[in-house]
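For reference, query.txt (compact mmCIF, C-alpha atoms):
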# COMPACT_ATOMS: atom_id res chain seq x y z
CA MET L 1 82.72 136.52 61.31
CA THR L 2 85.89 136.24 59.30
CA GLN L 3 87.51 132.87 58.81
CA ARG L 4 91.12 132.89 59.76
CA SER L 5 93.37 130.00 58.91
CA ARG L 6 94.86 128.88 62.13
CA PRO L 7 97.06 125.84 62.66
CA LEU L 8 94.98 122.83 63.61
CA SER L 9 96.00 120.12 65.99
CA PRO L 10 95.80 116.65 64.43
CA HIS L 11 92.26 115.30 64.20
CA LEU L 12 92.68 111.96 65.88
CA GLN L 13 89.97 110.24 63.81
CA VAL L 14 91.61 110.99 60.47
CA TYR L 15 95.23 111.37 61.58
CA ARG L 16 97.32 108.30 60.86
CA LEU L 17 99.24 107.76 64.06
CA PRO L 18 102.96 107.13 63.66
CA LEU L 19 103.89 103.55 64.52
CA THR L 20 105.73 104.71 67.64
CA ALA L 21 102.45 106.18 68.92
CA VAL L 22 100.57 102.95 68.17
CA VAL L 23 103.18 100.95 70.05
CA SER L 24 103.06 103.44 72.90
CA ILE L 25 99.31 102.92 73.43
CA LEU L 26 99.76 99.15 73.02
CA HIS L 27 102.36 99.31 75.80
CA ARG L 28 99.74 100.80 78.10
CA MET L 29 97.04 98.35 76.97
CA THR L 30 99.28 95.32 77.49
CA GLY L 31 100.22 96.70 80.90
CA VAL L 32 96.57 96.87 81.97
CA LEU L 33 95.94 93.40 80.50
CA LEU L 34 98.92 91.94 82.35
CA THR L 35 97.57 93.02 85.73
CA LEU L 36 94.69 90.63 84.96
CA GLY L 37 97.34 88.05 84.09
CA LEU L 38 98.87 88.50 87.56
CA ILE L 39 95.49 87.74 89.11
CA LEU L 40 95.27 84.58 86.96
CA PHE L 41 98.76 83.68 88.18
CA VAL L 42 97.58 83.87 91.80
CA ILE L 43 94.49 81.81 90.92
CA SER L 44 96.75 79.10 89.48
CA LEU L 45 98.67 79.06 92.78
CA ALA L 46 95.37 78.79 94.62
CA GLN L 47 94.55 75.70 92.57
CA ILE L 48 97.95 74.12 93.28
CA GLN L 49 97.72 74.64 97.05
CA GLU L 50 94.16 73.22 96.95
CA GLY L 51 95.49 69.75 96.15
CA ALA L 52 96.00 67.20 93.42
CA SER L 53 92.47 67.11 92.02
CA ALA L 54 92.14 70.91 91.78
CA PHE L 55 95.53 71.08 90.07
CA LYS L 56 94.55 68.37 87.56
CA ALA L 57 91.27 70.15 86.79
CA MET L 58 93.17 73.37 86.08
CA GLN L 59 95.77 71.55 84.00
CA SER L 60 93.15 70.00 81.72
CA LEU L 61 91.46 73.40 81.45
CA ILE L 62 94.62 75.23 80.33
CA GLN L 63 95.35 72.49 77.80
CA HIS L 64 92.14 73.36 75.94
CA PRO L 65 93.29 75.04 72.69
CA LEU L 66 91.42 78.29 73.33
CA ALA L 67 92.72 78.55 76.90
CA GLU L 68 96.25 77.79 75.74
CA LEU L 69 95.97 80.38 72.97
CA SER L 70 94.94 83.04 75.49
CA ILE L 71 97.85 82.06 77.73
CA TRP L 72 100.29 82.48 74.83
CA LEU L 73 98.76 85.81 73.85
CA MET L 74 99.26 86.83 77.47
CA ILE L 75 102.90 85.69 77.34
CA TYR L 76 103.35 87.61 74.10
CA ALA L 77 101.96 90.65 75.96
CA VAL L 78 104.59 90.08 78.67
CA PHE L 79 107.44 90.11 76.15
CA PHE L 80 106.01 93.00 74.15
CA HIS L 81 105.67 95.06 77.32
CA LEU L 82 109.17 93.96 78.39
CA CYS L 83 110.82 94.86 75.06
CA HIS L 84 109.10 98.22 74.72
CA GLY L 85 109.80 98.79 78.41
CA ILE L 86 113.52 98.40 77.73
CA ARG L 87 113.19 101.15 75.10
CA HIS L 88 111.51 103.33 77.72
CA LEU L 89 114.45 102.73 80.05
CA PHE L 90 116.82 103.88 77.29
CA TRP L 91 114.62 106.91 76.64
CA ASP L 92 114.72 107.71 80.37
CA MET L 93 118.52 107.69 80.17
CA GLY L 94 118.31 110.21 77.35
CA GLU L 95 119.24 107.74 74.60
CA GLY L 96 117.45 106.55 71.50
CA TYR L 97 115.72 109.73 70.33
CA GLU L 98 117.11 109.74 66.76
CA LYS L 99 114.07 110.25 64.58
CA ILE L 100 115.27 108.09 61.69
CA LEU L 101 115.94 105.16 64.04
CA MET L 102 112.43 105.14 65.61
CA ASN L 103 111.04 102.50 63.28
CA TYR L 104 114.28 100.53 63.43
CA TYR L 105 113.98 100.18 67.22
CA LEU L 106 110.34 99.28 66.73
CA ILE L 107 111.18 96.38 64.41
CA LEU L 108 113.85 95.32 66.89
CA GLU L 109 111.40 95.15 69.79
CA LEU L 110 108.65 93.46 67.75
CA PHE L 111 111.16 90.88 66.51
CA GLY L 112 112.52 90.44 70.05
CA SER L 113 109.09 89.89 71.57
CA ILE L 114 108.02 87.41 68.88
CA ALA L 115 111.33 85.53 69.20
CA CYS L 116 111.05 85.34 73.01
CA THR L 117 107.46 84.07 72.76
CA GLY L 118 108.39 81.47 70.13
CA LEU L 119 111.40 80.22 72.08
CA SER L 120 109.30 80.03 75.25
CA TYR L 121 106.67 78.02 73.37
CA LEU L 122 109.35 75.57 72.22
CA PHE L 123 110.84 75.40 75.73
CA VAL L 124 107.47 74.75 77.37
CA HIS L 125 106.51 72.02 74.91
CA LEU L 126 109.83 70.28 74.46
CA PRO L 127 110.04 67.13 76.57
CA GLY L 128 112.38 67.11 79.57
CA GLY L 129 113.40 69.77 82.02
CA ALA L 130 110.09 69.69 83.88
CA SER L 131 110.41 68.98 87.62
CA MET F 1 81.19 129.40 100.54
CA SER F 2 84.08 127.41 101.88
CA PHE F 3 86.18 128.50 104.78
CA LYS F 4 88.85 125.92 104.04
CA THR F 5 92.30 127.18 103.27
CA PRO F 6 93.86 126.10 99.98
CA LEU F 7 96.22 123.85 101.95
CA ALA F 8 93.32 122.06 103.66
CA LYS F 9 91.67 121.49 100.27
CA ALA F 10 94.83 120.03 98.83
CA ARG F 11 95.41 117.67 101.78
CA GLY F 12 94.46 114.08 101.05
CA LEU F 13 94.46 114.67 97.32
CA GLY F 14 98.01 113.46 96.96
CA SER F 15 101.14 115.44 97.42
CA ALA F 16 102.69 117.18 94.47
CA ARG F 17 106.05 116.00 95.76
CA SER F 18 105.58 112.21 95.57
CA GLY F 19 105.79 111.93 91.79
CA THR F 20 109.54 111.46 91.58
CA ARG F 21 109.50 108.50 93.90
CA HIS F 22 106.58 106.93 91.99
CA TRP F 23 108.44 107.39 88.70
CA TRP F 24 111.68 105.99 90.11
CA VAL F 25 110.12 102.93 91.80
CA GLN F 26 108.26 102.17 88.57
CA ARG F 27 111.65 102.00 86.78
CA VAL F 28 113.35 99.97 89.52
CA THR F 29 110.55 97.39 89.54
CA ALA F 30 110.60 97.33 85.72
CA VAL F 31 114.28 96.39 85.70
CA ALA F 32 113.72 93.71 88.35
CA LEU F 33 110.88 92.24 86.30
CA ILE F 34 113.08 91.65 83.24
CA PRO F 35 114.85 88.54 84.64
CA LEU F 36 111.79 87.54 86.70
CA SER F 37 109.68 87.31 83.51
CA PHE F 38 111.96 84.53 82.29
CA TRP F 39 111.38 82.66 85.53
CA LEU F 40 107.66 82.89 84.72
CA ILE F 41 108.27 80.77 81.60
CA LEU F 42 109.80 78.05 83.80
CA PHE F 43 106.62 78.18 85.88
CA VAL F 44 104.40 77.94 82.78
CA LYS F 45 106.33 74.85 81.70
CA GLN F 46 105.60 73.28 85.08
CA LEU F 47 101.91 74.17 84.75
CA PHE F 48 101.68 72.38 81.42
CA GLN F 49 104.06 69.46 81.90
CA SER F 50 104.25 68.48 85.55
CA SER F 51 102.22 66.21 87.72
CA TYR F 52 100.88 67.55 91.02
CA ILE F 53 103.76 65.98 92.98
CA GLU F 54 106.35 67.36 90.58
CA ILE F 55 105.03 70.94 90.59
CA SER F 56 104.67 71.00 94.39
CA HIS F 57 108.27 69.90 94.86
CA TRP F 58 109.43 72.33 92.20
CA LEU F 59 107.64 75.24 93.90
CA ALA F 60 108.86 74.17 97.34
CA SER F 61 112.52 74.46 96.39
CA PRO F 62 113.96 77.67 97.90
CA PHE F 63 115.10 78.97 94.50
CA ASN F 64 111.62 78.78 93.03
CA SER F 65 109.67 79.90 96.12
CA VAL F 66 111.84 82.98 96.42
CA LEU F 67 111.61 83.84 92.73
CA LEU F 68 107.87 83.23 92.73
CA LEU F 69 107.32 85.62 95.63
CA ALA F 70 109.69 88.17 94.08
CA TRP F 71 107.77 87.93 90.81
CA ALA F 72 104.40 88.29 92.56
CA PHE F 73 105.32 91.17 94.89
CA VAL F 74 107.38 93.17 92.39
CA GLY F 75 104.83 92.47 89.65
CA PHE F 76 101.86 93.63 91.71
CA TYR F 77 103.79 96.68 92.87
CA HIS F 78 104.70 97.60 89.29
CA GLY F 79 101.13 96.89 88.17
CA ALA F 80 99.63 99.08 90.89
CA LEU F 81 101.95 101.96 89.98
CA GLY F 82 101.11 101.55 86.29
CA LEU F 83 97.35 101.36 86.79
CA GLN F 84 97.56 104.41 89.05
CA VAL F 85 99.02 106.43 86.17
CA VAL F 86 96.34 105.13 83.78
CA ILE F 87 93.58 106.06 86.24
CA GLU F 88 95.09 109.50 86.87
CA ASP F 89 95.22 110.08 83.12
CA TYR F 90 91.68 109.07 82.20
CA ILE F 91 89.51 109.66 85.30
CA SER F 92 88.87 113.32 86.02
CA SER F 93 86.52 113.04 89.01
CA GLU F 94 88.75 113.40 92.05
CA GLY F 95 86.69 111.15 94.34
CA LEU F 96 86.38 108.32 91.83
CA LYS F 97 90.07 108.62 90.98
CA ILE F 98 91.22 108.26 94.58
CA SER F 99 88.81 105.45 95.44
CA LEU F 100 89.86 103.50 92.32
CA ILE F 101 93.56 103.90 93.13
CA TRP F 102 93.01 102.85 96.73
CA SER F 103 90.87 99.88 95.71
CA ILE F 104 93.48 98.68 93.25
CA LYS F 105 96.26 99.01 95.81
CA LEU F 106 94.17 97.11 98.35
CA ILE F 107 93.24 94.33 95.91
CA PHE F 108 96.80 93.96 94.62
CA PHE F 109 98.25 93.92 98.13
CA THR F 110 95.76 91.22 99.12
CA ALA F 111 96.54 89.22 95.97
CA ALA F 112 100.29 89.43 96.64
CA LEU F 113 99.72 88.32 100.24
CA SER F 114 97.58 85.43 98.98
CA SER F 115 100.45 84.23 96.82
CA LEU F 116 102.66 84.24 99.92
CA VAL F 117 100.12 82.16 101.86
CA PHE F 118 99.66 79.78 98.92
CA VAL F 119 103.40 79.21 98.59
CA MET F 120 103.67 78.57 102.34
CA ARG F 121 100.86 76.03 102.10
CA ILE F 122 102.52 74.32 99.12
CA VAL F 123 105.87 74.18 100.95
CA GLY F 124 104.06 72.80 104.00
CA SER F 125 102.30 70.11 101.98
CA VAL F 126 105.62 68.89 100.56
CA GLY F 127 107.06 68.75 104.09
So that I can check it, write out the structure of this file as structure tokens.
Amino acid sequence: MTQRSRPLSPHLQVYRLPLTAVVSILHRMTGVLLTLGLILFVISLAQIQEGASAFKAMQSLIQHPLAELSIWLMIYAVFFHLCHGIRHLFWDMGEGYEKILMNYYLILELFGSIACTGLSYLFVHLPGGAS
Amino acid sequence: MSFKTPLAKARGLGSARSGTRHWWVQRVTAVALIPLSFWLILFVKQLFQSSYIEISHWLASPFNSVLLLAWAFVGFYHGALGLQVVIEDYISSEGLKISLIWSIKLIFFTAALSSLVFVMRIVGSVG
């Protein structure tokens, strides 16, 4: 059997994915993760409607450093999904396909999501404004 | 040997004509969720900083109850549409695919309804 050199599709194990592709799969992964976050959101409401003691128990639980870290990772996932989602909306309008600008938009959305998470962290922990 | 017509086989497996609406509603809910996500941060602040009395009154105000329910319903809708696409992409068995999509829609609908009931109970407790 003669060997003919045919074009090969990229071997995913050795092919270094472009950053846009990495972000694209992260968009999907954060989306799946955030549906779990929505369930947690409903559970927190369940605790509030249960009464004062249930709410206090939940509040001390979420103030545990590990629990709070997971909440902030979840909020980062919200903003990451939001920022990349905005790029999808531009793509759907037929804008933002310039190849040389791909990584520029990527930095923009990563910076945007980190900034939104940081500002939210400050807002949540600054005194005042609650109630 | 099957005596079913091709149309009968295709029935119940999802119409080939409903994709556009799915795609469009996914975008509409996405846009709605942009401002609603910032409301979520207000809610998180309440979770961390407020007493029980404070958070109940905060949630019972019309502004916050409405935004909460908008967040929950639009969020679950968007999530169900998104998970449906993920399932359709990765699950090839037709029966498993459809039962997973239906289960997720049922669970998310119930969860969204629960948030409505919980908010009503919180509003009722504030009086």
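Put simply, CA of His125 in chain L is 28.7 Å away from CA of Gly79 in chain F.
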Could you write out as lines of an AutoDock Vina configuration file the box around range 84-99 of chain L (axis-aligned, all atoms listed in the file, 3 Å on each side), with centre and edge lengths in Å to one decimal?
center_x = 114.2
center_y = 104.2
center_z = 72.5
size_x = 16.1
size_y = 18.0
size_z = 21.8
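For Val25 in chain F, the residues within 12 Å (counting only C-alpha atoms, excluding itself and residues fewer than 5 positions away along the chain) are Ser18, Gly19, Thr20, Ala30, Val31, Ala32, Val74, Gly75, Tyr77, His78, Gly79, Ala80, Leu81 and Gly82 of chain F.
Within 10 Å of Ile43 in chain L, once only C-alpha atoms are used and residues closer than 2 positions along the same chain are dropped, the contacting residues are Gly37, Leu38, Ile39, Leu40, Phe41, Leu45, Ala46, Gln47, Ile48, Gln49 and Met58 of chain L; Ala111, Ser114, Ser115 and Phe118 of chain F.
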For this session: For chain L, work out the contacting residues on chain F at 8 Å, counting only C-alpha atoms, and write them as an MDAnalysis selection string.
Result: chainID F and resid 27 30 34 37 41:42 44:58 72 75:76 79 82:83 86 111:112 114:115 118:119 121:122
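For the pair CA of His64 in chain L and CA of Ser65 in chain F, the interatomic distance is 27.5 Å.
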request  = Determine, counting all atoms listed in the file, every residue of protein, DNA or RNA that lies within 10 Å of (106.8, 78.2, 101.1) in the file coordinates, then give the result as a list in words.
outcome  = Leu59, Ala60, Ser61, Pro62, Asn64, Ser65, Val66, Leu68, Leu69, Ser115, Leu116, Val117, Phe118, Val119, Met120, Arg121, Ile122, Val123, Gly124, Ser125, Val126 and Gly127 of chain F
Selection file, C-alpha atoms, as a compact mmCIF listing (two decimals), keeping the file's coordinate frame:
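For reference, result.txt as written:
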# COMPACT_ATOMS: atom_id res chain seq x y z
CA LEU F 59 107.64 75.24 93.90
CA ALA F 60 108.86 74.17 97.34
CA SER F 61 112.52 74.46 96.39
CA PRO F 62 113.96 77.67 97.90
CA ASN F 64 111.62 78.78 93.03
CA SER F 65 109.67 79.90 96.12
CA VAL F 66 111.84 82.98 96.42
CA LEU F 68 107.87 83.23 92.73
CA LEU F 69 107.32 85.62 95.63
CA SER F 115 100.45 84.23 96.82
CA LEU F 116 102.66 84.24 99.92
CA VAL F 117 100.12 82.16 101.86
CA PHE F 118 99.66 79.78 98.92
CA VAL F 119 103.40 79.21 98.59
CA MET F 120 103.67 78.57 102.34
CA ARG F 121 100.86 76.03 102.10
CA ILE F 122 102.52 74.32 99.12
CA VAL F 123 105.87 74.18 100.95
CA GLY F 124 104.06 72.80 104.00
CA SER F 125 102.30 70.11 101.98
CA VAL F 126 105.62 68.89 100.56
CA GLY F 127 107.06 68.75 104.09
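Counting from CA of Met93 in chain L, the distance to CA of Gly112 in chain L is 20.9 Å.
Distances to Leu119 in chain L were evaluated for F:Lys9, F:Gly95, F:Phe38, F:Ser2 using all atoms listed in the file, and the minimum falls at F:Phe38.
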